[in-house]
file query06.pdb (PDB, C-alpha atoms and all ligand atoms)
ATOM      1  CA  MET A   1     136.976 132.476 168.959
ATOM      2  CA  SER A   2     138.384 129.005 169.612
ATOM      3  CA  GLY A   3     136.395 126.630 167.431
ATOM      4  CA  LYS A   4     135.592 123.007 168.153
ATOM      5  CA  GLY A   5     135.100 121.691 164.634
ATOM      6  CA  ILE A   6     132.573 119.288 163.161
ATOM      7  CA  HIS A   7     129.569 118.200 165.239
ATOM      8  CA  HIS A   8     127.907 115.785 162.809
ATOM      9  CA  VAL A   9     127.527 114.920 159.136
ATOM     10  CA  THR A  10     124.118 113.976 157.711
ATOM     11  CA  ALA A  11     123.737 112.062 154.454
ATOM     12  CA  ILE A  12     121.033 110.448 152.315
ATOM     13  CA  ALA A  13     120.882 106.680 152.015
ATOM     14  CA  GLY A  14     118.840 103.999 150.318
ATOM     15  CA  PRO A  15     117.168 101.178 152.285
ATOM     16  CA  ALA A  16     117.508 101.619 156.058
ATOM     17  CA  ARG A  17     118.325  97.978 156.791
ATOM     18  CA  ARG A  18     121.268  98.005 154.367
ATOM     19  CA  ASN A  19     122.530 101.289 155.837
ATOM     20  CA  LEU A  20     122.318  99.911 159.386
ATOM     21  CA  ASP A  21     124.179  96.742 158.412
ATOM     22  CA  PHE A  22     127.019  98.616 156.748
ATOM     23  CA  TYR A  23     127.681 101.161 159.485
ATOM     24  CA  THR A  24     127.296  98.799 162.455
ATOM     25  CA  ARG A  25     128.592  95.490 161.054
ATOM     26  CA  ILE A  26     131.285  96.615 158.600
ATOM     27  CA  LEU A  27     132.491  99.902 160.123
ATOM     28  CA  GLY A  28     131.606  98.879 163.693
ATOM     29  CA  LEU A  29     129.983 102.178 164.689
ATOM     30  CA  ARG A  30     127.317 102.238 167.375
ATOM     31  CA  LEU A  31     123.722 103.060 166.460
ATOM     32  CA  VAL A  32     123.265 105.751 169.122
ATOM     33  CA  LYS A  33     119.788 106.915 168.136
ATOM     34  CA  LYS A  34     116.912 105.499 166.158
ATOM     35  CA  THR A  35     114.421 108.264 165.508
ATOM     36  CA  VAL A  36     112.617 109.901 162.587
ATOM     37  CA  ASN A  37     113.335 112.964 160.488
ATOM     38  CA  PHE A  38     111.519 115.595 162.573
ATOM     39  CA  ASP A  39     110.637 117.514 159.375
ATOM     40  CA  ASP A  40     109.503 114.347 157.509
ATOM     41  CA  PRO A  41     108.460 111.819 160.188
ATOM     42  CA  GLY A  42     107.701 108.992 157.743
ATOM     43  CA  THR A  43     111.475 108.668 157.268
ATOM     44  CA  TYR A  44     113.968 107.336 159.788
ATOM     45  CA  HIS A  45     116.815 109.415 161.095
ATOM     46  CA  LEU A  46     119.598 107.015 162.116
ATOM     47  CA  TYR A  47     122.573 108.296 164.135
ATOM     48  CA  TYR A  48     125.858 106.393 164.339
ATOM     49  CA  GLY A  49     128.814 107.316 166.533
ATOM     50  CA  ASP A  50     131.124 106.279 169.323
ATOM     51  CA  GLU A  51     129.863 104.837 172.622
ATOM     52  CA  VAL A  52     127.768 107.907 173.492
ATOM     53  CA  GLY A  53     127.755 109.768 170.190
ATOM     54  CA  HIS A  54     130.208 112.478 171.197
ATOM     55  CA  PRO A  55     130.117 115.557 168.964
ATOM     56  CA  GLY A  56     132.737 114.930 166.283
ATOM     57  CA  SER A  57     131.791 111.247 165.960
ATOM     58  CA  ILE A  58     128.203 111.457 164.715
ATOM     59  CA  LEU A  59     127.347 110.332 161.185
ATOM     60  CA  THR A  60     123.610 110.382 160.499
ATOM     61  CA  PHE A  61     121.353 109.268 157.657
ATOM     62  CA  PHE A  62     117.924 109.842 156.197
ATOM     63  CA  PRO A  63     117.262 106.449 154.551
ATOM     64  CA  TRP A  64     114.786 106.616 151.673
ATOM     65  CA  GLU A  65     113.843 103.175 150.314
ATOM     66  CA  HIS A  66     113.664 104.209 146.649
ATOM     67  CA  VAL A  67     116.032 107.164 146.475
ATOM     68  CA  ALA A  68     117.639 108.090 143.130
ATOM     69  CA  PRO A  69     121.433 108.265 143.289
ATOM     70  CA  GLY A  70     123.038 111.669 143.751
ATOM     71  CA  ARG A  71     125.525 113.183 141.334
ATOM     72  CA  VAL A  72     128.884 114.484 142.508
ATOM     73  CA  GLY A  73     129.419 118.141 141.737
ATOM     74  CA  LEU A  74     130.043 121.631 143.000
ATOM     75  CA  GLY A  75     128.487 122.842 146.218
ATOM     76  CA  GLU A  76     128.572 119.677 148.267
ATOM     77  CA  THR A  77     130.668 117.479 150.500
ATOM     78  CA  GLN A  78     132.754 115.288 148.228
ATOM     79  CA  GLU A  79     134.215 112.993 150.882
ATOM     80  CA  THR A  80     133.729 112.302 154.598
ATOM     81  CA  VAL A  81     136.889 111.129 156.345
ATOM     82  CA  LEU A  82     137.075 109.103 159.576
ATOM     83  CA  ARG A  83     140.076 108.631 161.909
ATOM     84  CA  VAL A  84     141.615 105.258 162.694
ATOM     85  CA  PRO A  85     144.793 104.500 164.686
ATOM     86  CA  GLU A  86     147.889 104.647 162.508
ATOM     87  CA  GLY A  87     148.746 100.952 162.752
ATOM     88  CA  SER A  88     145.296  99.735 161.712
ATOM     89  CA  ILE A  89     145.009 100.895 158.098
ATOM     90  CA  GLY A  90     146.156  97.466 156.823
ATOM     91  CA  TYR A  91     143.518  95.792 158.991
ATOM     92  CA  TRP A  92     140.860  97.965 157.355
ATOM     93  CA  ALA A  93     142.081  97.377 153.798
ATOM     94  CA  HIS A  94     141.904  93.638 154.488
ATOM     95  CA  ARG A  95     138.455  93.961 156.075
ATOM     96  CA  PHE A  96     137.158  95.826 153.003
ATOM     97  CA  VAL A  97     138.474  93.089 150.680
ATOM     98  CA  GLU A  98     136.900  90.358 152.833
ATOM     99  CA  ASN A  99     133.538  92.108 152.902
ATOM    100  CA  GLY A 100     133.443  93.267 149.284
ATOM    101  CA  VAL A 101     133.531  96.984 150.151
ATOM    102  CA  ALA A 102     134.415  99.147 147.122
ATOM    103  CA  HIS A 103     137.705 100.901 147.893
ATOM    104  CA  GLN A 104     140.788 102.468 146.292
ATOM    105  CA  PRO A 105     144.499 101.842 146.822
ATOM    106  CA  LEU A 106     146.109 103.680 149.758
ATOM    107  CA  THR A 107     147.063 107.275 148.932
ATOM    108  CA  ARG A 108     148.782 110.168 150.709
ATOM    109  CA  ARG A 109     147.231 113.562 151.412
ATOM    110  CA  PHE A 110     148.951 116.274 153.447
ATOM    111  CA  GLY A 111     151.442 113.605 154.541
ATOM    112  CA  GLU A 112     148.754 111.284 155.911
ATOM    113  CA  THR A 113     147.817 107.803 154.654
ATOM    114  CA  LEU A 114     144.275 107.580 153.317
ATOM    115  CA  LEU A 115     142.041 104.629 152.386
ATOM    116  CA  SER A 116     139.084 105.819 150.284
ATOM    117  CA  PHE A 117     135.964 103.654 150.050
ATOM    118  CA  GLN A 118     132.241 103.786 149.273
ATOM    119  CA  ASP A 119     129.215 102.697 151.236
ATOM    120  CA  PRO A 120     126.429 100.673 149.532
ATOM    121  CA  ASP A 121     124.826 103.902 148.236
ATOM    122  CA  GLY A 122     128.082 105.118 146.710
ATOM    123  CA  MET A 123     128.718 107.672 149.460
ATOM    124  CA  ARG A 124     132.402 108.622 149.312
ATOM    125  CA  LEU A 125     134.214 108.006 152.587
ATOM    126  CA  ALA A 126     137.802 107.499 153.663
ATOM    127  CA  LEU A 127     139.787 106.328 156.651
ATOM    128  CA  VAL A 128     142.904 108.263 157.568
ATOM    129  CA  ALA A 129     145.693 106.783 159.696
ATOM    130  CA  VAL A 130     146.311 109.077 162.681
ATOM    131  CA  PRO A 131     149.247 108.548 165.064
ATOM    132  CA  GLY A 132     148.734 108.700 168.820
ATOM    133  CA  ILE A 133     144.966 108.115 169.032
ATOM    134  CA  GLU A 134     145.064 104.444 170.122
ATOM    135  CA  ASN A 135     144.192 105.420 173.677
ATOM    136  CA  GLU A 136     141.182 107.540 172.777
ATOM    137  CA  ALA A 137     137.909 105.768 173.551
ATOM    138  CA  GLY A 138     136.311 104.039 170.571
ATOM    139  CA  TRP A 139     133.251 101.818 170.143
ATOM    140  CA  THR A 140     134.360  98.281 169.439
ATOM    141  CA  GLY A 141     131.295  96.948 167.674
ATOM    142  CA  ALA A 142     131.250  94.022 165.237
ATOM    143  CA  GLY A 143     134.347  92.425 166.758
ATOM    144  CA  ILE A 144     136.683  95.198 165.599
ATOM    145  CA  PRO A 145     139.677  95.352 167.962
ATOM    146  CA  ALA A 146     140.090  98.444 170.132
ATOM    147  CA  ASP A 147     143.348  99.361 168.425
ATOM    148  CA  ALA A 148     141.536  99.582 165.060
ATOM    149  CA  ALA A 149     138.160 101.105 165.982
ATOM    150  CA  ILE A 150     137.092 104.340 164.284
ATOM    151  CA  ARG A 151     137.747 107.463 166.418
ATOM    152  CA  GLY A 152     135.273 109.966 165.003
ATOM    153  CA  PHE A 153     135.717 112.295 162.050
ATOM    154  CA  HIS A 154     139.000 113.428 160.648
ATOM    155  CA  SER A 155     137.533 115.861 158.107
ATOM    156  CA  VAL A 156     135.077 116.664 155.410
ATOM    157  CA  ASN A 157     136.171 117.574 151.905
ATOM    158  CA  LEU A 158     134.017 120.261 150.261
ATOM    159  CA  LEU A 159     133.964 120.502 146.454
ATOM    160  CA  LEU A 160     133.607 124.206 145.616
ATOM    161  CA  ALA A 161     134.227 126.649 142.787
ATOM    162  CA  GLU A 162     136.443 128.765 145.048
ATOM    163  CA  ALA A 163     137.795 128.324 148.543
ATOM    164  CA  ALA A 164     138.053 131.876 149.858
ATOM    165  CA  PRO A 165     134.401 132.831 150.559
ATOM    166  CA  THR A 166     133.714 129.583 152.441
ATOM    167  CA  GLY A 167     137.132 129.740 154.077
ATOM    168  CA  ALA A 168     136.178 133.137 155.487
ATOM    169  CA  ILE A 169     133.183 131.583 157.271
ATOM    170  CA  LEU A 170     135.294 128.710 158.608
ATOM    171  CA  THR A 171     137.954 131.038 159.981
ATOM    172  CA  ASN A 172     135.843 133.957 161.142
ATOM    173  CA  VAL A 173     132.785 132.152 162.538
ATOM    174  CA  PHE A 174     133.925 128.614 163.391
ATOM    175  CA  GLY A 175     137.464 129.316 164.581
ATOM    176  CA  PHE A 176     139.366 127.356 161.912
ATOM    177  CA  GLY A 177     142.724 128.502 160.562
ATOM    178  CA  GLU A 178     144.215 127.792 157.127
ATOM    179  CA  VAL A 179     147.064 125.328 157.708
ATOM    180  CA  GLY A 180     148.148 124.138 154.282
ATOM    181  CA  ARG A 181     147.693 123.848 150.526
ATOM    182  CA  GLU A 182     148.308 120.837 148.301
ATOM    183  CA  GLY A 183     147.362 120.945 144.625
ATOM    184  CA  SER A 184     143.772 122.183 144.452
ATOM    185  CA  LEU A 185     143.155 121.490 148.164
ATOM    186  CA  VAL A 186     143.130 124.068 150.951
ATOM    187  CA  ARG A 187     143.192 122.673 154.496
ATOM    188  CA  TYR A 188     141.603 124.372 157.511
ATOM    189  CA  ARG A 189     141.937 123.154 161.086
ATOM    190  CA  VAL A 190     140.723 124.073 164.553
ATOM    191  CA  SER A 191     143.478 124.143 167.102
ATOM    192  CA  ASP A 192     142.444 121.336 169.455
ATOM    193  CA  GLY A 193     143.289 118.680 166.844
ATOM    194  CA  GLY A 194     140.736 116.145 168.090
ATOM    195  CA  ALA A 195     137.885 114.460 166.227
ATOM    196  CA  GLY A 196     136.308 116.615 163.526
ATOM    197  CA  SER A 197     138.973 119.298 163.537
ATOM    198  CA  VAL A 198     139.720 119.488 159.788
ATOM    199  CA  VAL A 199     137.886 120.829 156.724
ATOM    200  CA  ASP A 200     139.472 120.532 153.283
ATOM    201  CA  ILE A 201     138.182 122.627 150.404
ATOM    202  CA  HIS A 202     138.750 121.170 146.955
ATOM    203  CA  GLU A 203     138.690 124.048 144.460
ATOM    204  CA  ALA A 204     137.328 122.856 141.125
ATOM    205  CA  GLY A 205     135.708 125.586 139.078
ATOM    206  CA  GLY A 206     133.894 124.516 135.925
ATOM    207  CA  LEU A 207     132.166 121.396 137.248
ATOM    208  CA  LEU A 208     128.404 121.001 137.186
ATOM    209  CA  PRO A 209     126.509 121.602 140.423
ATOM    210  CA  ALA A 210     125.909 118.538 142.589
ATOM    211  CA  ARG A 211     122.537 116.830 142.504
ATOM    212  CA  LEU A 212     121.332 115.606 145.880
ATOM    213  CA  GLY A 213     120.373 111.926 146.119
ATOM    214  CA  GLY A 214     121.422 108.590 147.555
ATOM    215  CA  GLY A 215     125.029 108.734 148.735
ATOM    216  CA  SER A 216     125.027 112.559 148.966
ATOM    217  CA  VAL A 217     125.859 114.457 152.118
ATOM    218  CA  HIS A 218     122.817 116.556 153.031
ATOM    219  CA  HIS A 219     124.569 118.928 155.444
ATOM    220  CA  ILE A 220     127.517 119.464 157.766
ATOM    221  CA  ALA A 221     127.017 120.613 161.357
ATOM    222  CA  PHE A 222     129.623 122.562 163.316
ATOM    223  CA  ARG A 223     129.866 122.574 167.098
ATOM    224  CA  ALA A 224     128.759 125.284 169.499
ATOM    225  CA  THR A 225     129.220 124.602 173.205
ATOM    226  CA  ASP A 226     125.794 125.936 174.147
ATOM    227  CA  ASP A 227     122.994 128.279 173.068
ATOM    228  CA  ALA A 228     125.003 131.407 173.897
ATOM    229  CA  GLU A 229     127.915 130.393 171.687
ATOM    230  CA  GLU A 230     125.503 129.432 168.911
ATOM    231  CA  ALA A 231     123.803 132.829 169.158
ATOM    232  CA  ALA A 232     127.194 134.559 168.974
ATOM    233  CA  MET A 233     127.987 132.644 165.768
ATOM    234  CA  VAL A 234     124.595 133.626 164.315
ATOM    235  CA  ARG A 235     125.321 137.300 165.072
ATOM    236  CA  LYS A 236     128.737 137.044 163.465
ATOM    237  CA  LEU A 237     127.273 135.494 160.318
ATOM    238  CA  ALA A 238     124.802 138.375 160.026
ATOM    239  CA  GLN A 239     127.184 141.213 160.899
ATOM    240  CA  HIS A 240     130.324 140.112 159.038
ATOM    241  CA  HIS A 241     128.944 138.005 156.186
ATOM    242  CA  GLY A 242     125.374 139.203 155.591
ATOM    243  CA  ILE A 243     124.084 135.648 156.111
ATOM    244  CA  ARG A 244     120.834 134.933 157.934
ATOM    245  CA  THR A 245     120.294 131.538 159.522
ATOM    246  CA  THR A 246     116.993 129.796 160.196
ATOM    247  CA  GLU A 247     115.461 130.221 163.632
ATOM    248  CA  GLN A 248     116.775 127.784 166.241
ATOM    249  CA  LYS A 249     115.228 124.302 165.985
ATOM    250  CA  ASP A 250     115.100 121.852 168.893
ATOM    251  CA  ARG A 251     116.461 118.529 167.623
ATOM    252  CA  ASN A 252     116.069 116.877 171.071
ATOM    253  CA  TYR A 253     119.766 115.892 171.233
ATOM    254  CA  PHE A 254     121.115 119.307 170.225
ATOM    255  CA  ARG A 255     119.686 122.687 169.180
ATOM    256  CA  SER A 256     120.375 123.895 165.677
ATOM    257  CA  VAL A 257     120.317 126.690 163.133
ATOM    258  CA  TYR A 258     120.939 126.242 159.405
ATOM    259  CA  PHE A 259     122.269 128.363 156.551
ATOM    260  CA  ARG A 260     123.674 128.078 152.998
ATOM    261  CA  GLU A 261     127.325 129.032 152.996
ATOM    262  CA  PRO A 262     128.666 130.997 149.978
ATOM    263  CA  GLY A 263     129.700 127.787 148.149
ATOM    264  CA  ARG A 264     126.072 126.517 148.447
ATOM    265  CA  VAL A 265     126.780 123.735 150.975
ATOM    266  CA  LEU A 266     124.119 123.502 153.701
ATOM    267  CA  PHE A 267     125.776 124.246 157.053
ATOM    268  CA  GLU A 268     124.263 123.780 160.501
ATOM    269  CA  ILE A 269     125.416 124.967 163.902
ATOM    270  CA  ALA A 270     124.539 122.420 166.622
ATOM    271  CA  THR A 271     125.007 122.665 170.385
ATOM    272  CA  ASP A 272     127.048 120.036 172.227
ATOM    273  CA  ILE A 273     124.195 119.808 174.745
ATOM    274  CA  PRO A 274     122.137 117.891 175.793
ATOM    275  CA  GLY A 275     123.404 114.779 173.926
ATOM    276  CA  PHE A 276     121.908 111.368 173.183
ATOM    277  CA  ALA A 277     121.326 110.111 176.733
ATOM    278  CA  VAL A 278     118.591 112.713 177.245
ATOM    279  CA  ASP A 279     115.730 110.295 176.417
ATOM    280  CA  GLU A 280     117.160 106.789 177.019
ATOM    281  CA  PRO A 281     119.973 105.272 179.111
ATOM    282  CA  ALA A 282     123.483 105.421 177.640
ATOM    283  CA  SER A 283     123.726 101.623 177.994
ATOM    284  CA  THR A 284     120.820 100.968 175.604
ATOM    285  CA  LEU A 285     121.181 103.806 173.104
ATOM    286  CA  GLY A 286     119.598 103.114 169.725
ATOM    287  CA  GLU A 287     117.648 100.018 170.719
ATOM    288  CA  THR A 288     114.134 101.460 170.565
ATOM    289  CA  LEU A 289     112.455 104.054 168.364
ATOM    290  CA  LYS A 290     112.639 107.435 170.083
ATOM    291  CA  LEU A 291     110.264 110.224 169.087
ATOM    292  CA  PRO A 292     110.085 113.885 170.061
ATOM    293  CA  ALA A 293     107.103 114.758 172.273
ATOM    294  CA  PHE A 294     105.187 116.348 169.380
ATOM    295  CA  LEU A 295     105.201 113.026 167.480
ATOM    296  CA  GLU A 296     104.393 110.607 170.339
ATOM    297  CA  ALA A 297     100.665 110.715 169.510
ATOM    298  CA  ARG A 298     101.497 109.323 166.067
ATOM    299  CA  ARG A 299     103.816 106.562 167.330
ATOM    300  CA  SER A 300     101.742 103.521 166.366
ATOM    301  CA  ALA A 301     101.012 104.865 162.875
ATOM    302  CA  LEU A 302     104.701 105.682 162.340
ATOM    303  CA  GLU A 303     105.820 102.280 163.620
ATOM    304  CA  GLU A 304     103.538 100.639 161.067
ATOM    305  CA  THR A 305     104.859 102.749 158.188
ATOM    306  CA  LEU A 306     108.593 102.650 158.917
ATOM    307  CA  PRO A 307     110.574  99.674 157.582
ATOM    308  CA  ARG A 308     111.434  96.962 160.122
ATOM    309  CA  LEU A 309     114.877  97.455 161.635
ATOM    310  CA  GLU A 310     115.480  94.802 164.281
ATOM    311  CA  GLN A 311     119.179  94.787 165.038
ATOM    312  CA  GLY A 312     121.286  91.719 164.551
ATOM    313  CA  ALA A 313     123.480  90.301 167.282
ATOM    314  CA  SER A 314     126.633  92.101 166.168
TER     315      SER A 314
HETATM  316 ZN    ZN B 401     122.080 118.048 161.244
END
call {"tool": "encode", "arguments": {"input": "query06.pdb", "output": "structure tokens", "more": "lines below"}}
Ligand code: ZN
result
Amino acid sequence: MSGKGIHHVTAIAGPARRNLDFYTRILGLRLVKKTVNFDDPGTYHLYYGDEVGHPGSILTFFPWEHVAPGRVGLGETQETVLRVPEGSIGYWAHRFVENGVAHQPLTRRFGETLLSFQDPDGMRLALVAVPGIENEAGWTGAGIPADAAIRGFHSVNLLLAEAAPTGAILTNVFGFGEVGREGSLVRYRVSDGGAGSVVDIHEAGGLLPARLGGGSVHHIAFRATDDAEEAAMVRKLAQHHGIRTTEQKDRNYFRSVYFREPGRVLFEIATDIPGFAVDEPASTLGETLKLPAFLEARRSALEETLPRLEQGAS
């Protein structure tokens, strides 16, 4: 099976307004969908991405106004890494200084240059300098030049007691291959090498389990082209790994199943179809609150409850 890598990453944030400001004004991502958590409609679900929210570019948040901070530990995503063109890493370091973004000195990992930073909730992120991606399309929000704009995910870094059981799922079900080891890291990659094609597992037995909260990644979604490919992955999980997923859920913009992988991280499989232009024009994505049909009757009540989120002119 030829895998396609990461579809989206979903995390937990504090106040929605602060989250929106950081991801659109500092990182320059596009808000491609403003909706609610379908399972908890009193909470927003904000989707950021490139100009149309291509799979592999989509970072999403459940913002809870008074969330307690999470605690880093085993069984979660330790770091979410985004791609930027190789020549722009200095631009970003400077931008983080100017805007007071917490960040670390540049480091090297698997021969690549990495700039680690935190969002206002303490979520651990990094930019990695990738050669040859300058000509890929990127959303140039917030005045960020095209040759510096973020080009989707590079990778996620999972903090686990042991790599092998999760690695077996990545290779057997999602089409990744192990491509390298460095210290306590094992790197897996899908062959196409585009956005979202890498997963690193950080083996660190003996740590406490993670506690979910503000700044924590809630789940990682992997791409399936369509329902048939998703169903084939579900069968493989059952037959080869004894893992049962949830039933398929219609998330309006993709269709999903969920399961706990052996390292306790919540994984999702999400279809590439139909995408974010299914309920509003691509030119005005994210500007108005979109609700699934089953919640339209509650629109005015939800609009009164949800925090105000008018977008600035960035
Ligand atoms: Zn998801």
call {"tool": "closest_residue", "arguments": {"input": "query06.pdb", "among": "A:Leu20, A:Ile58, A:Val67, A:Ala149", "to": "ligand ZN 401 (chain B)", "atoms": "only C-alpha atoms and all ligand atoms"}}
result
A:Ile58
call {"tool": "residues_around", "arguments": {"input": "query06.pdb", "residues": "stretch 131-143 of chain A", "least_positions_apart": "6", "cutoff": "6 Å", "atoms": "all atoms listed in the file", "output": "JSON, numbers by chain"}}
result
{"A": [25, 28, 50, 51, 85, 86, 149, 151, 314]}
call {"tool": "residues_near_ligand", "arguments": {"input": "query06.pdb", "ligand": "ligand ZN 401 (chain B)", "cutoff": "12 Å", "atoms": "all atoms listed in the file", "output": "short mmCIF file (atom, residue, chain, number, x, y, z; two decimals) with C-alpha atoms, in the coordinates of the input"}}
result
data_model
loop_
_atom_site.label_atom_id
_atom_site.label_comp_id
_atom_site.auth_asym_id
_atom_site.auth_seq_id
_atom_site.Cartn_x
_atom_site.Cartn_y
_atom_site.Cartn_z
CA ILE A 6 132.57 119.29 163.16
CA HIS A 7 129.57 118.20 165.24
CA HIS A 8 127.91 115.78 162.81
CA VAL A 9 127.53 114.92 159.14
CA THR A 10 124.12 113.98 157.71
CA ALA A 11 123.74 112.06 154.45
CA ILE A 12 121.03 110.45 152.32
CA ASN A 37 113.34 112.96 160.49
CA PHE A 38 111.52 115.60 162.57
CA ASP A 39 110.64 117.51 159.38
CA HIS A 45 116.82 109.42 161.10
CA LEU A 46 119.60 107.02 162.12
CA TYR A 47 122.57 108.30 164.14
CA PRO A 55 130.12 115.56 168.96
CA ILE A 58 128.20 111.46 164.72
CA LEU A 59 127.35 110.33 161.18
CA THR A 60 123.61 110.38 160.50
CA PHE A 61 121.35 109.27 157.66
CA PHE A 62 117.92 109.84 156.20
CA VAL A 217 125.86 114.46 152.12
CA HIS A 218 122.82 116.56 153.03
CA HIS A 219 124.57 118.93 155.44
CA ILE A 220 127.52 119.46 157.77
CA ALA A 221 127.02 120.61 161.36
CA PHE A 222 129.62 122.56 163.32
CA ARG A 223 129.87 122.57 167.10
CA LYS A 249 115.23 124.30 165.98
CA ASP A 250 115.10 121.85 168.89
CA ARG A 251 116.46 118.53 167.62
CA ASN A 252 116.07 116.88 171.07
CA TYR A 253 119.77 115.89 171.23
CA PHE A 254 121.12 119.31 170.22
CA ARG A 255 119.69 122.69 169.18
CA SER A 256 120.38 123.90 165.68
CA VAL A 257 120.32 126.69 163.13
CA TYR A 258 120.94 126.24 159.40
CA PHE A 259 122.27 128.36 156.55
CA LEU A 266 124.12 123.50 153.70
CA PHE A 267 125.78 124.25 157.05
CA GLU A 268 124.26 123.78 160.50
CA ILE A 269 125.42 124.97 163.90
CA ALA A 270 124.54 122.42 166.62
CA THR A 271 125.01 122.66 170.38
#
call {"tool": "residues_around", "arguments": {"input": "query06.pdb", "residues": "A:Arg108", "least_positions_apart": "5", "cutoff": "12 Å", "atoms": "all atoms listed in the file", "output": "list in words"}}
result
Thr113, Leu114, Leu115, Ser116, Ala126, Leu127, Val128, Ala129 and Glu182 of chain A
call {"tool": "residues_around", "arguments": {"input": "query06.pdb", "residues": "A:Arg71", "least_positions_apart": "4", "cutoff": "10 Å", "atoms": "all atoms listed in the file", "output": "list in words"}}
result
Glu76, Leu208, Pro209, Ala210, Arg211, Leu212, Gly213, Gly214, Gly215 and Ser216 of chain A
call {"tool": "atom_distance", "arguments": {"input": "query06.pdb", "atom1": "atom CA of A:Gly87", "atom2": "atom CA of A:Glu112"}}
result
12.4 Å
